[in-house]
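Enquirer: For reference, this is upload.cif, and it has mmCIF, C-alpha atoms.
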data_target
#
loop_
_atom_site.label_atom_id
_atom_site.label_comp_id
_atom_site.auth_asym_id
_atom_site.auth_seq_id
_atom_site.Cartn_x
_atom_site.Cartn_y
_atom_site.Cartn_z
CA MET A 27 -79.65 97.96 169.30
CA ILE A 28 -77.74 100.78 171.03
CA TYR A 29 -75.05 102.48 169.03
CA ARG A 30 -72.08 103.76 171.03
CA LYS A 31 -69.45 105.97 169.59
CA LYS A 32 -66.00 104.48 169.89
CA MET A 33 -63.84 106.72 172.08
CA LEU A 34 -60.38 107.58 170.91
CA PRO A 35 -57.54 107.74 173.47
CA TYR A 36 -57.57 111.56 173.27
CA ASP A 37 -61.32 111.68 174.06
CA MET A 38 -60.85 109.28 176.96
CA ALA A 39 -58.04 111.42 178.38
CA ARG A 40 -60.19 114.57 178.12
CA SER A 41 -63.10 112.83 179.83
CA MET A 42 -60.83 111.55 182.62
CA GLY A 43 -59.34 115.01 183.06
CA ARG A 44 -62.81 116.54 183.55
CA LEU A 45 -63.72 113.79 186.00
CA VAL A 46 -60.54 114.25 188.07
CA ASP A 47 -60.85 118.06 188.06
CA GLY A 48 -64.36 117.70 189.46
CA LEU A 49 -62.99 115.98 192.56
CA TRP A 50 -61.48 119.21 193.89
CA PRO A 51 -63.36 122.47 194.37
CA ASP A 52 -62.30 125.58 192.51
CA GLU A 53 -59.99 128.06 194.22
CA GLU A 54 -62.90 130.45 194.85
CA GLU A 55 -64.87 127.74 196.65
CA GLU A 56 -61.84 126.80 198.76
CA SER A 57 -61.10 130.36 199.82
CA ASN A 58 -64.66 130.67 201.18
CA SER A 59 -64.39 127.54 203.32
CA GLN A 60 -63.00 127.56 206.84
CA TRP A 61 -59.81 125.68 207.64
CA LEU A 62 -59.94 123.44 210.71
CA PRO A 63 -57.12 121.16 211.82
CA ALA A 64 -57.87 117.48 212.49
CA VAL A 65 -58.13 116.49 216.17
CA ASP A 66 -57.94 113.09 217.88
CA ILE A 67 -59.20 112.86 221.48
CA CYS A 68 -58.16 109.89 223.60
CA GLU A 69 -59.08 109.14 227.20
CA LYS A 70 -56.33 107.34 229.06
CA GLY A 71 -56.54 105.98 232.60
CA ASP A 72 -55.74 109.21 234.42
CA SER A 73 -55.99 111.86 231.67
CA ILE A 74 -57.52 113.01 228.40
CA GLN A 75 -55.23 113.74 225.45
CA PHE A 76 -55.97 116.03 222.52
CA LYS A 77 -53.76 115.47 219.47
CA VAL A 78 -54.02 118.26 216.88
CA GLU A 79 -52.45 118.25 213.39
CA LEU A 80 -50.91 121.67 212.76
CA PRO A 81 -48.41 121.26 209.90
CA GLY A 82 -46.60 124.38 208.82
CA ILE A 83 -47.63 126.42 211.87
CA PRO A 84 -44.88 127.66 214.21
CA ARG A 85 -45.50 127.08 217.92
CA GLU A 86 -45.54 130.84 218.60
CA ASP A 87 -48.68 131.13 216.41
CA ILE A 88 -50.62 128.63 218.59
CA GLU A 89 -52.60 129.63 221.70
CA ILE A 90 -54.14 127.16 224.18
CA GLU A 91 -56.45 128.07 227.06
CA VAL A 92 -58.95 126.48 229.41
CA SER A 93 -61.79 128.69 230.58
CA ASN A 94 -65.09 127.71 232.23
CA GLY A 95 -64.55 124.03 231.45
CA VAL A 96 -63.78 124.60 227.74
CA LEU A 97 -60.43 123.87 226.09
CA SER A 98 -59.77 126.27 223.19
CA ILE A 99 -56.94 125.95 220.68
CA ARG A 100 -56.36 128.91 218.36
CA GLY A 101 -53.84 129.58 215.67
CA GLU A 102 -53.12 130.81 212.20
CA LYS A 103 -51.54 129.21 209.17
CA LYS A 104 -50.08 131.99 207.07
CA ALA A 105 -50.00 131.76 203.28
CA ALA A 106 -46.66 131.70 201.51
CA GLU A 107 -45.85 134.92 199.74
CA GLU A 108 -46.36 134.82 195.99
CA VAL A 109 -43.24 135.54 193.98
CA LYS A 110 -43.53 137.67 190.88
CA GLY A 111 -43.09 135.61 187.75
CA GLU A 112 -44.54 132.42 189.24
CA THR A 113 -47.63 130.93 187.68
CA TRP A 114 -49.82 128.84 189.95
CA HIS A 115 -51.83 126.06 188.30
CA ARG A 116 -53.47 124.80 191.49
CA ARG A 117 -53.43 125.91 195.13
CA GLU A 118 -54.94 123.37 197.52
CA PHE A 119 -53.19 124.25 200.79
CA ARG A 120 -55.56 125.94 203.20
CA TYR A 121 -54.57 129.04 205.14
CA GLY A 122 -56.10 131.30 207.73
CA SER A 123 -56.94 131.40 211.40
CA PHE A 124 -58.82 128.67 213.25
CA VAL A 125 -60.37 127.96 216.64
CA ARG A 126 -61.20 124.49 217.98
CA SER A 127 -63.10 124.31 221.30
CA PHE A 128 -63.97 121.26 223.39
CA THR A 129 -66.13 121.01 226.51
CA LEU A 130 -64.23 119.16 229.22
CA PRO A 131 -65.74 116.79 231.78
CA THR A 132 -66.15 118.54 235.14
CA GLU A 133 -63.63 116.30 236.90
CA MET A 134 -60.49 117.65 235.20
CA LYS A 135 -57.38 119.33 236.64
CA ALA A 136 -57.18 122.17 234.11
CA ASP A 137 -54.47 123.91 236.15
CA GLU A 138 -52.18 120.89 235.57
CA ALA A 139 -52.68 120.72 231.79
CA ALA A 140 -49.51 120.25 229.73
CA ALA A 141 -48.78 120.74 226.04
CA SER A 142 -46.00 119.67 223.69
CA PHE A 143 -45.42 120.37 220.00
CA LYS A 144 -43.36 118.10 217.75
CA GLU A 145 -43.23 117.65 213.97
CA GLY A 146 -46.43 119.63 213.38
CA VAL A 147 -48.48 117.77 215.99
CA LEU A 148 -49.72 119.48 219.15
CA LEU A 149 -50.39 117.21 222.15
CA VAL A 150 -52.44 118.62 225.05
CA THR A 151 -52.80 116.39 228.13
CA ILE A 152 -55.24 117.23 230.92
CA PRO A 153 -55.20 115.01 234.03
CA LYS A 154 -58.40 113.83 235.72
CA GLU A 155 -59.31 114.66 239.30
CA GLU A 156 -58.66 111.89 241.80
CA LYS A 157 -62.39 111.42 242.37
CA ALA A 158 -62.92 110.80 238.63
CA LEU A 159 -60.45 107.92 238.50
CA HIS A 160 -61.83 104.41 238.60
CA ARG A 161 -60.69 102.47 241.61
CA LYS A 162 -61.68 99.40 243.52
CA ILE A 163 -62.91 99.72 247.07
CA GLU A 164 -61.83 97.13 249.56
CA ILE A 165 -64.53 95.69 251.81
CA LYS A 166 -63.44 95.70 255.45
CA GLY A 167 -64.76 93.65 258.34
#
Spit out the file's structure as structure tokens when you get a sec.

Expert:
Amino acid sequence: MIYRKKMLPYDMARSMGRLVDGLWPDEEEESNSQWLPAVDICEKGDSIQFKVELPGIPREDIEIEVSNGVLSIRGEKKAAEEVKGETWHRREFRYGSFVRSFTLPTEMKADEAAASFKEGVLLVTIPKEEKALHRKIEIKG
């Protein structure tokens, strides 16, 4: 027969608290990790779209360039200034600079790339070359 100690509500709450705290890394661990924004890449009929989540970053702190067939998106999310007298109990927001780079297919019109930024989401659209588009060929004769 196995004897189990009956847990009181206080003990259960303490155990749950330790379990939940273990789900998030300590501040020291987080500050050592690199921050990278999430990216969705979607190929449409005549273009490729890159959708990048950049909440809290002003558009002037974002740089986009295409060089040697590589799209690079750079930026920096700056930390909020700490106010004297405030006591932080947890800081989970990530800050710092980032770079995301993607190799493009060779049949892209990089010089016609366009970008828009709305509600913290960057959308970069790069059209495909005419020869890369799928088309049917009519048989003559």

Enquirer: If the PyMOL selection byres ((chain A and resi 79-89) around 8) were run on this exact file, what residues would it hold? Put them as a short mmCIF file (atom, residue, chain, number, x, y, z; two decimals) with C-alpha atoms, in the coordinates of the input.

Expert:
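Output file result_12.cif follows:
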data_model
loop_
_atom_site.label_atom_id
_atom_site.label_comp_id
_atom_site.auth_asym_id
_atom_site.auth_seq_id
_atom_site.Cartn_x
_atom_site.Cartn_y
_atom_site.Cartn_z
CA PRO A 63 -57.12 121.16 211.82
CA ALA A 64 -57.87 117.48 212.49
CA VAL A 65 -58.13 116.49 216.17
CA LYS A 77 -53.76 115.47 219.47
CA VAL A 78 -54.02 118.26 216.88
CA ILE A 90 -54.14 127.16 224.18
CA GLU A 91 -56.45 128.07 227.06
CA ILE A 99 -56.94 125.95 220.68
CA ARG A 100 -56.36 128.91 218.36
CA GLY A 101 -53.84 129.58 215.67
CA GLU A 102 -53.12 130.81 212.20
CA LYS A 103 -51.54 129.21 209.17
CA LYS A 104 -50.08 131.99 207.07
CA PHE A 143 -45.42 120.37 220.00
CA GLU A 145 -43.23 117.65 213.97
CA GLY A 146 -46.43 119.63 213.38
CA VAL A 147 -48.48 117.77 215.99
CA LEU A 148 -49.72 119.48 219.15
#

Enquirer: With only C-alpha atoms as the atoms that count, which of A:Phe128, A:Trp61, A:Phe76, A:Tyr121 lies nearest to A:Leu97?

Expert: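 Of A:Phe128, A:Trp61, A:Phe76, A:Tyr121, the one nearest A:Leu97, counting only C-alpha atoms, is A:Phe128.
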
Enquirer: How many Å separate atom CA of A:Glu133 from atom CA of A:Glu156?

Expert: 8.3 Å

Enquirer: For A:Cys68, which residue among A:Thr151, A:Glu108, A:Val92, A:Lys144 is the nearest when counting all atoms listed in the file?

Expert: A:Thr151

Enquirer: Report, in Å to a single decimal, how far apart atom CA of A:Ile67 and atom CA of A:Asp137 are.

Expert: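 Atom-to-atom, atom CA of A:Asp137 and atom CA of A:Ile67 are spaced 19.0 Å apart.
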
Enquirer: Between atom CA of A:Pro153 and atom CA of A:Thr132, measure the distance and give it in Å to one decimal.

Expert: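 Separation between atom CA of A:Pro153 and atom CA of A:Thr132: 11.6 Å.
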
Enquirer: Run the PyMOL selection byres ((chain A and resi 154) around 8) against the file shown and list the residues it catches, as an MDAnalysis selection string.

Expert: chainID A and resid 72:74 133:135 152:153 155:156 158:159

Enquirer: Taking every listed atom of stretch 92-106 of chain A and adding 5 Å to each side, what centre and edge lengths in Å (one decimal) does the axis-aligned box have, as AutoDock Vina command-line options?

Expert:
--center_x -55.9 --center_y 127.9 --center_z 216.9 --size_x 28.4 --size_y 18.1 --size_z 40.7

Enquirer: For the file shown, report as a ChimeraX atom specification the outcome of the PyMOL selection byres ((chain A and resi 140) around 8) at residue level.

Expert: /A:138-139,141-142,150-152

Enquirer: Would you pull stretch 99-118 of chain A out of the block just shown and save N, CA and C atoms as an mmCIF file, in the first residue's frame?

Expert:
data_model
loop_
_atom_site.group_PDB
_atom_site.id
_atom_site.type_symbol
_atom_site.label_atom_id
_atom_site.label_comp_id
_atom_site.auth_asym_id
_atom_site.auth_seq_id
_atom_site.Cartn_x
_atom_site.Cartn_y
_atom_site.Cartn_z
ATOM 1 N N ILE A 99 15.943 42.140 -43.847
ATOM 2 C CA ILE A 99 15.102 43.063 -43.088
ATOM 3 C C ILE A 99 15.774 43.253 -41.738
ATOM 4 N N ARG A 100 16.116 44.514 -41.431
ATOM 5 C CA ARG A 100 16.805 44.835 -40.185
ATOM 6 C C ARG A 100 15.967 45.825 -39.384
ATOM 7 N N GLY A 101 16.172 45.808 -38.089
ATOM 8 C CA GLY A 101 15.483 46.778 -37.260
ATOM 9 C C GLY A 101 15.909 46.672 -35.818
ATOM 10 N N GLU A 102 15.281 47.502 -35.001
ATOM 11 C CA GLU A 102 15.588 47.469 -33.574
ATOM 12 C C GLU A 102 14.344 47.827 -32.784
ATOM 13 N N LYS A 103 14.088 47.027 -31.779
ATOM 14 C CA LYS A 103 12.996 47.296 -30.845
ATOM 15 C C LYS A 103 13.645 47.808 -29.569
ATOM 16 N N LYS A 104 13.395 49.066 -29.269
ATOM 17 C CA LYS A 104 14.052 49.701 -28.127
ATOM 18 C C LYS A 104 13.246 49.475 -26.849
ATOM 19 N N ALA A 105 13.966 49.222 -25.773
ATOM 20 C CA ALA A 105 13.340 48.984 -24.469
ATOM 21 C C ALA A 105 12.766 50.282 -23.920
ATOM 22 N N ALA A 106 11.669 50.156 -23.212
ATOM 23 C CA ALA A 106 11.076 51.316 -22.549
ATOM 24 C C ALA A 106 11.984 51.736 -21.403
ATOM 25 N N GLU A 107 12.063 53.026 -21.194
ATOM 26 C CA GLU A 107 12.909 53.515 -20.108
ATOM 27 C C GLU A 107 12.287 53.159 -18.767
ATOM 28 N N GLU A 108 13.145 52.739 -17.842
ATOM 29 C CA GLU A 108 12.663 52.414 -16.500
ATOM 30 C C GLU A 108 12.503 53.709 -15.708
ATOM 31 N N VAL A 109 11.407 53.793 -14.995
ATOM 32 C CA VAL A 109 11.110 54.976 -14.194
ATOM 33 C C VAL A 109 11.489 54.677 -12.749
ATOM 34 N N LYS A 110 12.164 55.626 -12.136
ATOM 35 C CA LYS A 110 12.579 55.442 -10.749
ATOM 36 C C LYS A 110 11.350 55.278 -9.865
ATOM 37 N N GLY A 111 11.400 54.326 -8.975
ATOM 38 C CA GLY A 111 10.282 54.064 -8.085
ATOM 39 C C GLY A 111 9.397 52.915 -8.548
ATOM 40 N N GLU A 112 9.579 52.468 -9.793
ATOM 41 C CA GLU A 112 8.812 51.325 -10.282
ATOM 42 C C GLU A 112 9.512 50.034 -9.883
ATOM 43 N N THR A 113 8.733 49.042 -9.576
ATOM 44 C CA THR A 113 9.286 47.736 -9.249
ATOM 45 C C THR A 113 8.744 46.729 -10.252
ATOM 46 N N TRP A 114 9.633 46.150 -11.038
ATOM 47 C CA TRP A 114 9.228 45.162 -12.035
ATOM 48 C C TRP A 114 9.195 43.781 -11.390
ATOM 49 N N HIS A 115 8.133 43.044 -11.622
ATOM 50 C CA HIS A 115 8.020 41.680 -11.114
ATOM 51 C C HIS A 115 8.312 40.670 -12.211
ATOM 52 N N ARG A 116 8.103 41.048 -13.444
ATOM 53 C CA ARG A 116 8.413 40.181 -14.582
ATOM 54 C C ARG A 116 8.540 41.065 -15.820
ATOM 55 N N ARG A 117 9.544 40.771 -16.640
ATOM 56 C CA ARG A 117 9.723 41.475 -17.913
ATOM 57 C C ARG A 117 9.897 40.420 -18.994
ATOM 58 N N GLU A 118 8.887 40.243 -19.828
ATOM 59 C CA GLU A 118 8.923 39.217 -20.861
ATOM 60 C C GLU A 118 9.048 39.793 -22.264
#
